[in-house]
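Next comes run-v6.tsv, a file with TSV, C-alpha atoms.
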chain	number	residue	atom	x	y	z
A	23	MET	CA	-34.95	3.49	177.96
A	24	ILE	CA	-34.12	7.01	179.18
A	25	PRO	CA	-30.56	7.21	180.50
A	26	ALA	CA	-30.04	8.30	184.07
A	27	PRO	CA	-28.80	11.88	184.46
A	28	ARG	CA	-25.02	12.13	184.65
A	29	SER	CA	-23.66	13.39	187.96
A	30	SER	CA	-22.11	16.84	187.72
A	31	ALA	CA	-20.26	16.71	191.04
A	32	ARG	CA	-16.50	16.77	190.62
A	33	GLN	CA	-14.01	17.15	193.48
A	34	GLY	CA	-16.74	18.35	195.82
A	35	THR	CA	-17.90	21.08	193.43
A	36	CYS	CA	-21.44	21.05	192.13
A	37	ARG	CA	-21.77	22.59	188.70
A	38	THR	CA	-25.04	23.72	187.25
A	39	ALA	CA	-25.78	22.70	183.71
A	40	PRO	CA	-26.37	25.60	181.37
A	41	ALA	CA	-29.98	26.28	180.53
A	42	GLU	CA	-31.16	24.91	177.21
A	43	PRO	CA	-32.29	27.41	174.59
A	44	PRO	CA	-36.02	27.64	174.11
A	45	ALA	CA	-37.46	25.20	171.62
A	46	THR	CA	-38.20	26.65	168.21
A	47	PRO	CA	-41.28	25.76	166.21
A	48	ALA	CA	-40.95	22.79	163.92
A	49	GLY	CA	-39.57	23.66	160.54
A	50	ARG	CA	-37.94	26.91	161.79
A	51	THR	CA	-34.31	27.68	162.45
A	52	ALA	CA	-33.07	29.09	165.73
A	53	GLY	CA	-31.65	32.12	163.92
A	54	ALA	CA	-33.19	35.51	163.56
A	55	SER	CA	-34.09	35.14	159.88
A	56	GLY	CA	-37.11	33.00	160.64
A	57	GLU	CA	-36.78	31.16	157.36
A	58	PRO	CA	-37.43	27.43	157.23
A	59	ALA	CA	-34.42	25.27	157.86
A	60	PRO	CA	-33.32	22.86	155.15
A	61	PRO	CA	-34.67	19.33	155.68
A	62	ALA	CA	-32.44	17.00	157.65
A	63	PRO	CA	-30.71	14.43	155.49
A	64	ALA	CA	-32.47	11.08	155.49
A	65	LYS	CA	-30.75	8.31	157.37
A	66	PRO	CA	-29.50	5.53	155.13
A	67	PRO	CA	-31.47	2.30	155.50
A	68	ALA	CA	-29.99	-0.25	157.84
A	69	PRO	CA	-28.11	-2.93	155.92
A	70	ALA	CA	-29.74	-6.31	155.70
A	71	LYS	CA	-28.39	-8.89	158.08
A	72	GLN	CA	-25.87	-11.07	156.30
A	73	ARG	CA	-26.19	-14.83	156.52
A	74	ASP	CA	-23.18	-16.61	157.97
A	75	ALA	CA	-21.45	-18.46	155.14
A	76	PHE	CA	-19.99	-21.03	157.54
A	77	PHE	CA	-23.37	-22.26	158.74
A	78	ASP	CA	-24.87	-22.26	155.26
A	79	ASN	CA	-21.93	-24.34	154.02
A	80	ALA	CA	-22.28	-26.68	157.01
A	81	LYS	CA	-25.99	-27.20	156.42
A	82	TYR	CA	-25.47	-27.88	152.74
A	83	LEU	CA	-22.70	-30.42	153.35
A	84	ALA	CA	-24.73	-32.11	156.10
A	85	ILE	CA	-27.75	-32.50	153.83
A	86	VAL	CA	-25.52	-33.98	151.12
A	87	LEU	CA	-24.33	-36.55	153.66
A	88	VAL	CA	-27.97	-37.36	154.48
A	89	ALA	CA	-28.65	-38.05	150.81
A	90	LEU	CA	-25.47	-40.12	150.48
A	91	GLY	CA	-26.47	-42.21	153.48
A	92	HIS	CA	-29.80	-43.01	151.84
A	93	ALA	CA	-28.05	-43.78	148.54
A	94	TRP	CA	-25.60	-46.19	150.21
A	95	GLU	CA	-28.22	-48.06	152.24
A	96	PRO	CA	-29.05	-50.64	149.50
A	97	TYR	CA	-25.33	-51.56	149.36
A	98	TYR	CA	-25.17	-52.26	153.11
A	99	HIS	CA	-25.54	-56.03	152.98
A	100	GLY	CA	-23.55	-56.54	149.81
A	101	SER	CA	-20.45	-54.45	150.42
A	102	ARG	CA	-18.58	-54.09	153.68
A	103	SER	CA	-16.87	-50.93	152.42
A	104	ALA	CA	-20.21	-49.31	151.60
A	105	ALA	CA	-21.60	-50.44	154.95
A	106	SER	CA	-18.65	-48.89	156.80
A	107	LEU	CA	-19.17	-45.58	154.96
A	108	TYR	CA	-22.86	-45.79	155.83
A	109	LEU	CA	-22.18	-46.27	159.56
A	110	PHE	CA	-19.48	-43.60	159.51
A	111	VAL	CA	-21.86	-41.02	158.03
A	112	TYR	CA	-24.77	-42.01	160.25
A	113	ALA	CA	-22.62	-41.50	163.32
A	114	PHE	CA	-22.60	-37.71	162.89
A	115	HIS	CA	-24.62	-36.32	159.97
A	116	MET	CA	-27.95	-35.93	161.83
A	117	PRO	CA	-26.25	-35.01	165.14
A	118	ALA	CA	-24.43	-32.22	163.27
A	119	PHE	CA	-27.67	-31.01	161.71
A	120	THR	CA	-29.38	-31.14	165.12
A	121	VAL	CA	-26.58	-29.19	166.84
A	122	ILE	CA	-26.86	-26.46	164.21
A	123	SER	CA	-30.65	-26.40	164.62
A	124	GLY	CA	-30.21	-25.96	168.35
A	125	TYR	CA	-27.71	-23.15	167.83
A	126	PHE	CA	-30.22	-21.21	165.74
A	127	SER	CA	-32.97	-21.86	168.31
A	128	ARG	CA	-31.10	-20.14	171.17
A	129	SER	CA	-33.31	-17.06	171.09
A	130	PHE	CA	-36.60	-18.86	170.52
A	131	ASP	CA	-39.32	-17.83	172.94
A	132	MET	CA	-43.08	-17.52	172.91
A	133	ARG	CA	-43.02	-14.21	171.07
A	134	ARG	CA	-45.81	-13.88	168.55
A	135	ASP	CA	-43.72	-13.69	165.37
A	136	ARG	CA	-41.54	-16.65	166.40
A	137	LEU	CA	-44.55	-18.82	167.16
A	138	GLN	CA	-46.02	-17.92	163.78
A	139	ARG	CA	-42.74	-18.84	162.12
A	140	LEU	CA	-42.73	-22.16	163.98
A	141	VAL	CA	-46.18	-22.92	162.60
A	142	THR	CA	-45.53	-21.84	159.02
A	143	GLY	CA	-41.94	-23.10	158.76
A	144	VAL	CA	-42.21	-26.39	160.66
A	145	ALA	CA	-45.77	-27.49	161.44
A	146	VAL	CA	-47.24	-26.73	158.00
A	147	PRO	CA	-44.44	-28.53	156.07
A	148	PHE	CA	-44.90	-31.48	158.43
A	149	VAL	CA	-48.61	-31.74	157.64
A	150	VAL	CA	-48.09	-31.18	153.90
A	151	PHE	CA	-45.31	-33.74	153.49
A	152	GLN	CA	-46.86	-36.26	155.84
A	153	THR	CA	-49.88	-36.13	153.53
A	154	ALA	CA	-47.78	-36.10	150.35
A	155	PHE	CA	-45.73	-39.10	151.47
A	156	ALA	CA	-48.90	-41.02	152.35
A	157	LEU	CA	-50.34	-40.26	148.93
A	158	PHE	CA	-47.07	-41.29	147.28
A	159	ARG	CA	-46.96	-44.56	149.23
A	160	TYR	CA	-50.54	-45.38	148.25
A	161	TRP	CA	-49.87	-44.60	144.58
A	162	ALA	CA	-46.72	-46.75	144.62
A	163	GLY	CA	-48.53	-49.65	146.29
A	164	ASP	CA	-46.60	-49.49	149.56
A	165	ILE	CA	-49.81	-49.19	151.61
A	166	PRO	CA	-53.20	-50.72	150.73
A	167	SER	CA	-55.29	-47.61	151.44
A	168	PHE	CA	-54.70	-43.89	151.65
A	169	THR	CA	-54.50	-42.87	155.30
A	170	VAL	CA	-52.71	-39.97	156.96
A	171	SER	CA	-51.56	-40.09	160.57
A	172	LEU	CA	-50.19	-36.89	162.03
A	173	LEU	CA	-49.01	-38.77	165.12
A	174	ASP	CA	-46.84	-41.25	163.24
A	175	PRO	CA	-44.09	-39.45	161.28
A	176	TRP	CA	-42.88	-41.42	158.29
A	177	PHE	CA	-39.32	-41.53	156.99
A	178	LEU	CA	-38.03	-37.93	156.90
A	179	THR	CA	-40.87	-36.07	158.59
A	180	TRP	CA	-39.69	-37.19	162.03
A	181	PHE	CA	-37.20	-34.32	162.08
A	182	LEU	CA	-39.96	-31.72	161.61
A	183	ALA	CA	-41.94	-33.20	164.49
A	184	ALA	CA	-38.77	-33.27	166.59
A	185	LEU	CA	-37.84	-29.68	165.73
A	186	PHE	CA	-41.34	-28.50	166.66
A	187	ILE	CA	-41.11	-30.17	170.07
A	188	TRP	CA	-37.51	-29.10	170.70
A	189	ARG	CA	-38.19	-25.45	169.96
A	190	LEU	CA	-41.25	-25.36	172.19
A	191	THR	CA	-39.04	-26.56	175.04
A	192	ALA	CA	-36.23	-24.09	174.25
A	193	PRO	CA	-37.24	-21.54	176.93
A	194	LEU	CA	-37.01	-24.27	179.57
A	195	TRP	CA	-33.43	-25.19	178.65
A	196	ARG	CA	-32.34	-21.59	179.13
A	197	ILE	CA	-33.39	-21.53	182.79
A	198	VAL	CA	-32.12	-24.89	184.07
A	199	ARG	CA	-28.70	-25.07	185.68
A	200	TRP	CA	-27.21	-28.03	183.79
A	201	PRO	CA	-29.13	-28.34	180.52
A	202	VAL	CA	-26.91	-30.81	178.63
A	203	PRO	CA	-26.53	-33.33	181.51
A	204	LEU	CA	-30.29	-33.13	182.09
A	205	ALA	CA	-30.97	-33.77	178.40
A	206	LEU	CA	-28.60	-36.76	178.54
A	207	VAL	CA	-30.50	-38.16	181.52
A	208	ILE	CA	-33.74	-37.84	179.56
A	209	ALA	CA	-32.17	-39.59	176.56
A	210	ILE	CA	-30.90	-42.42	178.76
A	211	ALA	CA	-34.31	-42.76	180.40
A	212	ALA	CA	-35.92	-42.95	176.96
A	213	SER	CA	-33.54	-45.70	175.84
A	214	ALA	CA	-34.41	-47.65	178.99
A	215	SER	CA	-38.15	-47.35	178.38
A	216	PRO	CA	-39.63	-49.74	175.79
A	217	ASP	CA	-43.17	-48.42	176.27
A	218	ILE	CA	-42.77	-44.91	174.88
A	219	GLY	CA	-44.51	-45.91	171.66
A	220	THR	CA	-44.28	-44.56	168.12
A	221	GLU	CA	-46.38	-41.41	168.52
A	222	LEU	CA	-44.47	-38.48	167.06
A	223	ASP	CA	-41.41	-40.76	166.95
A	224	LEU	CA	-40.86	-39.72	170.55
A	225	GLN	CA	-38.09	-42.26	171.17
A	226	ARG	CA	-35.92	-40.61	168.52
A	227	VAL	CA	-36.98	-37.11	169.59
A	228	LEU	CA	-35.76	-37.74	173.13
A	229	GLN	CA	-32.57	-39.57	172.18
A	230	PHE	CA	-31.49	-36.76	169.85
A	231	LEU	CA	-32.47	-34.10	172.40
A	232	PRO	CA	-28.95	-33.71	173.92
A	233	PHE	CA	-27.56	-32.59	170.56
A	234	PHE	CA	-30.22	-29.90	170.23
A	235	VAL	CA	-29.67	-28.68	173.79
A	236	LEU	CA	-25.92	-28.66	173.25
A	237	GLY	CA	-26.40	-26.49	170.17
A	238	MET	CA	-28.44	-24.04	172.25
A	239	CYS	CA	-25.56	-23.78	174.73
A	240	LEU	CA	-22.89	-23.10	172.12
A	241	LYS	CA	-21.65	-19.66	171.12
A	242	ALA	CA	-19.98	-18.36	168.00
A	243	GLU	CA	-16.54	-18.63	169.57
A	244	HIS	CA	-17.01	-22.36	170.07
A	245	PHE	CA	-17.42	-22.85	166.34
A	246	SER	CA	-14.41	-20.62	165.74
A	247	LEU	CA	-12.43	-22.79	168.13
A	248	VAL	CA	-12.95	-26.02	166.18
A	249	ARG	CA	-11.93	-24.29	162.94
A	250	ARG	CA	-8.41	-23.49	164.11
A	251	TRP	CA	-5.63	-25.21	162.19
A	252	PRO	CA	-4.41	-27.40	165.08
A	253	VAL	CA	-7.96	-28.77	165.42
A	254	ARG	CA	-8.26	-29.25	161.66
A	255	ILE	CA	-5.03	-31.18	161.53
A	256	ALA	CA	-6.05	-33.34	164.50
A	257	ALA	CA	-9.44	-34.01	162.88
A	258	VAL	CA	-7.86	-35.91	159.96
A	259	PRO	CA	-6.49	-38.89	161.93
A	260	VAL	CA	-9.61	-38.92	164.12
A	261	LEU	CA	-11.85	-39.27	161.06
A	262	ALA	CA	-9.54	-41.92	159.64
A	263	VAL	CA	-9.67	-43.94	162.87
A	264	ALA	CA	-13.46	-43.61	162.97
A	265	LEU	CA	-13.69	-44.94	159.41
A	266	VAL	CA	-11.48	-47.91	160.25
A	267	PHE	CA	-13.54	-48.58	163.37
A	268	ALA	CA	-16.73	-48.48	161.30
A	269	TYR	CA	-15.25	-51.07	158.95
A	270	TRP	CA	-14.44	-53.28	161.96
A	271	ALA	CA	-17.90	-52.74	163.52
A	272	VAL	CA	-20.00	-53.63	160.46
A	273	PRO	CA	-20.28	-57.39	161.20
A	274	ARG	CA	-20.09	-56.93	164.98
A	275	MET	CA	-22.50	-54.10	165.82
A	276	ASN	CA	-26.22	-53.56	165.35
A	277	ASP	CA	-26.56	-50.50	163.13
A	278	ALA	CA	-29.92	-49.69	164.75
A	279	TRP	CA	-28.02	-47.99	167.59
A	280	PHE	CA	-27.16	-45.19	165.13
A	281	TYR	CA	-30.83	-44.48	164.34
A	282	HIS	CA	-31.88	-43.77	167.96
A	283	THR	CA	-35.34	-45.15	167.21
A	284	ASP	CA	-35.52	-48.05	169.67
A	285	SER	CA	-35.06	-48.74	173.33
A	286	ALA	CA	-32.27	-51.00	174.55
A	287	GLU	CA	-34.77	-53.77	175.29
A	288	ASN	CA	-36.10	-53.66	171.74
A	289	LEU	CA	-32.52	-54.06	170.52
A	290	GLY	CA	-32.01	-57.11	172.71
A	291	ALA	CA	-29.83	-55.43	175.35
A	292	PRO	CA	-30.35	-54.72	179.06
A	293	TRP	CA	-31.19	-51.17	180.05
A	294	TRP	CA	-27.73	-50.44	181.46
A	295	ILE	CA	-26.16	-51.36	178.12
A	296	GLY	CA	-28.53	-48.84	176.56
A	297	ALA	CA	-27.38	-46.20	179.02
A	298	LEU	CA	-23.72	-46.87	178.22
A	299	MET	CA	-24.47	-46.83	174.49
A	300	GLN	CA	-26.25	-43.49	174.79
A	301	LEU	CA	-23.22	-41.94	176.46
A	302	ALA	CA	-20.79	-43.59	174.04
A	303	MET	CA	-22.81	-42.59	170.96
A	304	PHE	CA	-23.19	-39.03	172.22
A	305	GLY	CA	-19.45	-38.70	172.76
A	306	CYS	CA	-18.57	-40.34	169.44
A	307	SER	CA	-21.07	-38.24	167.49
A	308	LEU	CA	-19.91	-35.07	169.22
A	309	VAL	CA	-16.25	-35.70	168.35
A	310	LEU	CA	-17.06	-36.54	164.72
A	311	THR	CA	-19.34	-33.50	164.45
A	312	ALA	CA	-16.48	-31.29	165.65
A	313	CYS	CA	-14.15	-32.91	163.08
A	314	PHE	CA	-16.75	-32.34	160.36
A	315	LEU	CA	-17.25	-28.69	161.31
A	316	ALA	CA	-13.49	-28.16	161.49
A	317	TRP	CA	-13.26	-28.62	157.72
A	318	VAL	CA	-16.38	-26.70	156.73
A	319	PRO	CA	-15.29	-23.62	154.70
A	320	GLY	CA	-16.01	-20.29	156.33
A	321	ARG	CA	-15.98	-18.19	153.16
A	322	ARG	CA	-18.69	-17.77	150.55
A	323	MET	CA	-18.59	-20.48	147.89
A	324	TRP	CA	-20.75	-21.71	145.05
A	325	CYS	CA	-22.71	-23.87	147.50
A	326	THR	CA	-23.24	-21.24	150.19
A	327	ALA	CA	-26.55	-20.00	148.78
A	328	LEU	CA	-27.83	-23.58	148.85
A	329	GLY	CA	-27.62	-23.62	152.65
A	330	ALA	CA	-30.87	-21.66	152.80
A	331	GLY	CA	-32.68	-24.45	150.94
A	332	THR	CA	-31.54	-27.52	152.85
A	333	LEU	CA	-35.05	-28.28	154.13
A	334	TYR	CA	-36.22	-28.42	150.52
A	335	GLY	CA	-33.50	-30.89	149.58
A	336	TYR	CA	-34.08	-32.91	152.74
A	337	LEU	CA	-37.80	-33.45	152.21
A	338	LEU	CA	-37.96	-33.64	148.41
A	339	HIS	CA	-35.17	-36.18	147.95
A	340	GLY	CA	-37.20	-38.61	150.07
A	341	PHE	CA	-39.51	-39.30	147.13
A	342	LEU	CA	-36.59	-40.40	144.98
A	343	ALA	CA	-34.94	-42.36	147.80
A	344	LYS	CA	-38.08	-44.45	148.33
A	345	ALA	CA	-38.90	-44.75	144.62
A	346	SER	CA	-35.45	-46.23	144.00
A	347	ARG	CA	-36.34	-49.11	146.36
A	348	TRP	CA	-39.93	-49.66	145.32
A	349	TRP	CA	-39.15	-49.66	141.61
A	350	ASP	CA	-35.92	-51.68	141.89
A	351	TRP	CA	-33.53	-49.09	140.47
A	352	TYR	CA	-30.69	-50.81	142.32
A	353	ASP	CA	-31.31	-54.10	140.52
A	354	ALA	CA	-29.63	-52.85	137.34
A	355	GLY	CA	-26.36	-54.67	136.75
A	356	TRP	CA	-24.15	-51.60	136.45
A	357	VAL	CA	-25.45	-50.21	139.77
A	358	ARG	CA	-23.98	-53.15	141.68
A	359	THR	CA	-20.47	-52.65	140.32
A	360	PRO	CA	-17.86	-50.52	142.17
A	361	TRP	CA	-18.02	-47.88	139.44
A	362	GLY	CA	-21.80	-48.00	139.62
A	363	ALA	CA	-21.69	-47.31	143.36
A	364	ILE	CA	-19.43	-44.32	142.72
A	365	ALA	CA	-21.82	-43.08	140.04
A	366	VAL	CA	-24.79	-43.45	142.39
A	367	THR	CA	-22.87	-41.43	144.98
A	368	PHE	CA	-22.34	-38.55	142.56
A	369	ILE	CA	-25.93	-38.75	141.30
A	370	ALA	CA	-27.31	-38.55	144.85
A	371	ALA	CA	-25.11	-35.54	145.65
A	372	ALA	CA	-26.12	-33.81	142.41
A	373	VAL	CA	-29.84	-34.46	142.92
A	374	VAL	CA	-29.98	-33.13	146.47
A	375	THR	CA	-27.89	-30.13	145.36
A	376	LEU	CA	-30.40	-29.40	142.62
A	377	LEU	CA	-33.28	-29.66	145.08
A	378	CYS	CA	-31.69	-26.96	147.27
A	379	THR	CA	-31.39	-24.39	144.46
A	380	PRO	CA	-33.37	-21.11	144.43
A	381	PRO	CA	-35.65	-22.12	141.49
A	382	VAL	CA	-36.83	-25.17	143.44
A	383	GLN	CA	-37.27	-23.00	146.52
A	384	ARG	CA	-39.47	-20.59	144.57
A	385	VAL	CA	-41.70	-23.42	143.33
A	386	PHE	CA	-42.22	-25.06	146.72
A	387	ARG	CA	-42.06	-22.02	149.01
A	388	CYS	CA	-45.87	-21.92	149.16
A	389	VAL	CA	-45.84	-25.16	151.20
A	390	MET	CA	-42.41	-24.90	152.83
A	391	GLU	CA	-42.45	-21.29	153.99
A	392	PRO	CA	-46.00	-19.97	153.54
A	393	LYS	CA	-46.78	-16.56	155.00
A	394	MET	CA	-50.36	-17.46	155.94
A	395	THR	CA	-51.23	-14.00	157.22
A	396	TRP	CA	-54.89	-14.94	156.82
A	397	ALA	CA	-54.54	-17.63	159.50
A	398	PHE	CA	-53.39	-15.33	162.31
A	399	ARG	CA	-55.13	-12.58	164.21
A	400	ARG	CA	-53.95	-9.06	163.84
A	401	GLU	CA	-51.39	-8.01	166.37
A	402	PRO	CA	-53.15	-5.82	168.97
A	403	ARG	CA	-52.00	-2.25	169.40
A	404	THR	CA	-50.36	-1.76	172.76
A	405	GLY	CA	-48.99	1.03	174.90
A	406	ALA	CA	-49.79	4.71	174.74
A	407	ALA	CA	-50.29	4.66	170.99
A	408	ALA	CA	-53.58	2.81	171.49
A	409	ALA	CA	-54.94	5.41	173.94
A	410	PRO	CA	-56.89	8.50	172.88
A	411	ALA	CA	-54.83	11.58	172.09
A	412	GLY	CA	-53.78	13.53	175.17
A	413	LYS	CA	-54.63	10.67	177.51
A	414	ARG	CA	-52.60	7.89	178.98
A	415	THR	CA	-53.75	4.37	179.53
A	416	ALA	CA	-54.61	3.52	183.09
A	417	GLU	CA	-52.78	0.17	182.93
A	418	LYS	CA	-49.54	-0.87	181.37
A	419	GLN	CA	-50.25	-3.02	178.33
A	420	PRO	CA	-48.31	-6.29	177.88
A	421	SER	CA	-45.57	-6.33	175.27
A	422	PRO	CA	-46.35	-8.29	172.12
Using structure tokens, write down the structure that the file contains.
Amino acid sequence: MIPAPRSSARQGTCRTAPAEPPATPAGRTAGASGEPAPPAPAKPPAPAKQRDAFFDNAKYLAIVLVALGHAWEPYYHGSRSAASLYLFVYAFHMPAFTVISGYFSRSFDMRRDRLQRLVTGVAVPFVVFQTAFALFRYWAGDIPSFTVSLLDPWFLTWFLAALFIWRLTAPLWRIVRWPVPLALVIAIAASASPDIGTELDLQRVLQFLPFFVLGMCLKAEHFSLVRRWPVRIAAVPVLAVALVFAYWAVPRMNDAWFYHTDSAENLGAPWWIGALMQLAMFGCSLVLTACFLAWVPGRRMWCTALGAGTLYGYLLHGFLAKASRWWDWYDAGWVRTPWGAIAVTFIAAAVVTLLCTPPVQRVFRCVMEPKMTWAFRREPRTGAAAAPAGKRTAEKQPSP
């Protein structure tokens, strides 16, 4: 954009700008010698944009909690302590991940490169892992025949389907007046509707929508606010109370409320109970997410680089999580002991950490983050550069 000319009037006096010297031919100095001027020093390349260590640490810790939740699930009915940890983690680990996903989707629009990235980074992994999981289930004997349904996400692939839908709606949330309350109304309406069906796991997509929209509305200073020391100190008793409440709630509460996969009617409750539970779960998850983020380190650590590979750990650990059930790994005697449960916890954390490492990323990048330049049309040339030399285009070309 060309800046507007600066006014030269001062105290009622109009000054005339001095005339510019005549332009000299390229490669010549303005002096009388006429010798070529020395070449201008090259500008240093712009530094690469640094990743935020805080968000990478948060994503890594959240994906570890996802793996721990899956590792603790077989202990749910045999240990009240394990069940309380399971409910405690499920109250905020996916909401936290969804809030962060929304925060990084704030600028998403229908620009060409962002749509391509949505296809290659979300849609393609969904298709690949939906197929891989179906093949794995057939090989393990979990399903009688090999079939792939792209409308029925299985196990972990629901989040990819949800992220695809959420990001496509991102431009709409930027123009509405009250995005978070509107998203909450949609979530409540979904919980009151038992006829939504299982296509694309839409019930869960809509019930988690407020967390994504909230993430879009947040700014960097909001995350800085929760990391202040007064908030960190206050987070400790809040987390402790939440853990005690989870222990109390294990025999008294249906854990399906934490999954957001069913309507209130399907859970045996009237619709208005579902509405109250949606609001209560949103508030509870939001408070626990803030407490979790309050203690996420903001400096670079050994695990910071793993934050870029959380999608790898998320999807790949699903094979081991399901294999442990189908092949009865939890039936071993030592696994059912308290020390065995602790060992399983450390093994799950170590495995998902390994699956986030750069070597694993390099192996699976071809299906997780393929470039796929062959699948997209060339970007059309626009503007005056596409017109013949010395001529201007008659119409203004649209921006890419």
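Within 7 Å of Ile122 of chain A, once only C-alpha atoms are used and residues closer than 4 positions along the same chain are dropped, the contacting residues are Ala118, Phe126 and Gly237 of chain A.
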Original post:
What is the atom CA of Val88 of chain A to atom CA of Leu298 of chain A distance in Å?
Top reply: 25.9 Å
Original post:
Counting all atoms listed in the file, what is within 8 Å of Glu391 of chain A, bar same-chain residues fewer than 3 positions away, as a PyMOL selection string?
Top reply: chain A and resi 142-143+147+387-388
Subject >> Coordinates-based distance that separates atom CA of Ala183 of chain A from atom CA of Arg136 of chain A (Å, one decimal) >> reply: 16.7 Å
**OP:** Name all residues at most 10 Å from Phe230 of chain A (count only C-alpha atoms; drop same-chain ones fewer than 2 positions away) and give them as number ranges by chain.
**Re:** A: 116-117, 120-121, 181, 184, 188, 205-206, 209, 224-228, 232-235, 281-283, 300, 304
Same residues, C-alpha atoms, output as a compact mmCIF listing (two decimals), in the coordinates of the input:
# COMPACT_ATOMS: atom_id res chain seq x y z
CA MET A 116 -27.95 -35.93 161.83
CA PRO A 117 -26.25 -35.01 165.14
CA THR A 120 -29.38 -31.14 165.12
CA VAL A 121 -26.58 -29.19 166.84
CA PHE A 181 -37.20 -34.32 162.08
CA ALA A 184 -38.77 -33.27 166.59
CA TRP A 188 -37.51 -29.10 170.70
CA ALA A 205 -30.97 -33.77 178.40
CA LEU A 206 -28.60 -36.76 178.54
CA ALA A 209 -32.17 -39.59 176.56
CA LEU A 224 -40.86 -39.72 170.55
CA GLN A 225 -38.09 -42.26 171.17
CA ARG A 226 -35.92 -40.61 168.52
CA VAL A 227 -36.98 -37.11 169.59
CA LEU A 228 -35.76 -37.74 173.13
CA PRO A 232 -28.95 -33.71 173.92
CA PHE A 233 -27.56 -32.59 170.56
CA PHE A 234 -30.22 -29.90 170.23
CA VAL A 235 -29.67 -28.68 173.79
CA TYR A 281 -30.83 -44.48 164.34
CA HIS A 282 -31.88 -43.77 167.96
CA THR A 283 -35.34 -45.15 167.21
CA GLN A 300 -26.25 -43.49 174.79
CA PHE A 304 -23.19 -39.03 172.22
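Between atom CA of His115 of chain A and atom CA of Leu289 of chain A lies a distance of 22.1 Å.
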Subject >> Shell of 12 Å around Val146 of chain A, only C-alpha atoms, local chain residues under 6 positions omitted, as an NGL selection string >> reply: :A and (138-140 or 152-153 or 172 or 179 or 182-183 or 186 or 387-394 or 397)
Using all atoms listed in the file, which protein or nucleic acid residues come within 8 Å of segment 354-369 of chain A? Drop anything in the same chain fewer than 2 positions from it, and give the result as a PDB file with C-alpha atoms, in the coordinates of the input.
ATOM      1  CA  LEU A  90     -25.470 -40.120 150.480  1.00  0.00           C
ATOM      2  CA  ALA A  93     -28.050 -43.780 148.540  1.00  0.00           C
ATOM      3  CA  TRP A  94     -25.600 -46.190 150.210  1.00  0.00           C
ATOM      4  CA  TYR A  97     -25.330 -51.560 149.360  1.00  0.00           C
ATOM      5  CA  ASP A 350     -35.920 -51.680 141.890  1.00  0.00           C
ATOM      6  CA  TRP A 351     -33.530 -49.090 140.470  1.00  0.00           C
ATOM      7  CA  TYR A 352     -30.690 -50.810 142.320  1.00  0.00           C
ATOM      8  CA  ALA A 371     -25.110 -35.540 145.650  1.00  0.00           C
ATOM      9  CA  ALA A 372     -26.120 -33.810 142.410  1.00  0.00           C
ATOM     10  CA  VAL A 373     -29.840 -34.460 142.920  1.00  0.00           C
TER      11      VAL A 373
END
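Across A:Cys378, A:Ile187, A:Ala286, A:Val202, the tightest approach to Thr326 of chain A is made by A:Cys378 when counting only C-alpha atoms.
Take the candidates A:Trp195, A:Tyr82, A:Trp293, A:Phe77 and check each one against Ala214 of chain A using all atoms listed in the file; the shortest distance goes to A:Trp293.
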Original post:
Taking (-32.9, -22.9, 171.3) in the file's coordinates as the center, which residues reach within 9 Å of it, counting only C-alpha atoms, put as JSON, numbers by chain?
Top reply: {"A": [123, 124, 125, 126, 127, 128, 129, 130, 131, 188, 189, 190, 191, 192, 193, 195, 196, 234, 235, 237, 238, 239]}
Original post:
Given the choices A:Leu377, A:Ile218, A:Ala330, A:Leu261, which gets closest to Val111 of chain A if the distance is worked out from only C-alpha atoms?
Top reply: A:Leu261
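Each of A:Asp217, A:Leu185, A:Arg250, A:Phe398 was compared to Gly320 of chain A using all atoms listed in the file, and A:Arg250 turns out to be the nearest.
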Original post:
Pick from A:Ala162, A:Leu247, A:Ile210, A:Val266: nearest to Ser103 of chain A, with only C-alpha atoms counted?
Top reply: A:Val266
Block slice segment 380-395 of chain A, C-alpha atoms, emitted as a tab-separated table (two decimals), in the first residue's frame:
chain	number	residue	atom	x	y	z
A	380	PRO	CA	11.51	-37.00	15.19
A	381	PRO	CA	12.61	-40.43	13.85
A	382	VAL	CA	9.01	-41.68	14.06
A	383	GLN	CA	7.83	-38.46	12.45
A	384	ARG	CA	10.23	-38.98	9.54
A	385	VAL	CA	8.96	-42.53	8.95
A	386	PHE	CA	5.26	-41.66	8.99
A	387	ARG	CA	5.35	-38.13	7.56
A	388	CYS	CA	4.37	-39.47	4.13
A	389	VAL	CA	0.89	-40.30	5.49
A	390	MET	CA	0.62	-37.74	8.29
A	391	GLU	CA	1.87	-34.62	6.51
A	392	PRO	CA	2.13	-35.45	2.79
A	393	LYS	CA	2.86	-32.57	0.43
A	394	MET	CA	0.73	-33.99	-2.40
A	395	THR	CA	1.59	-31.23	-4.85
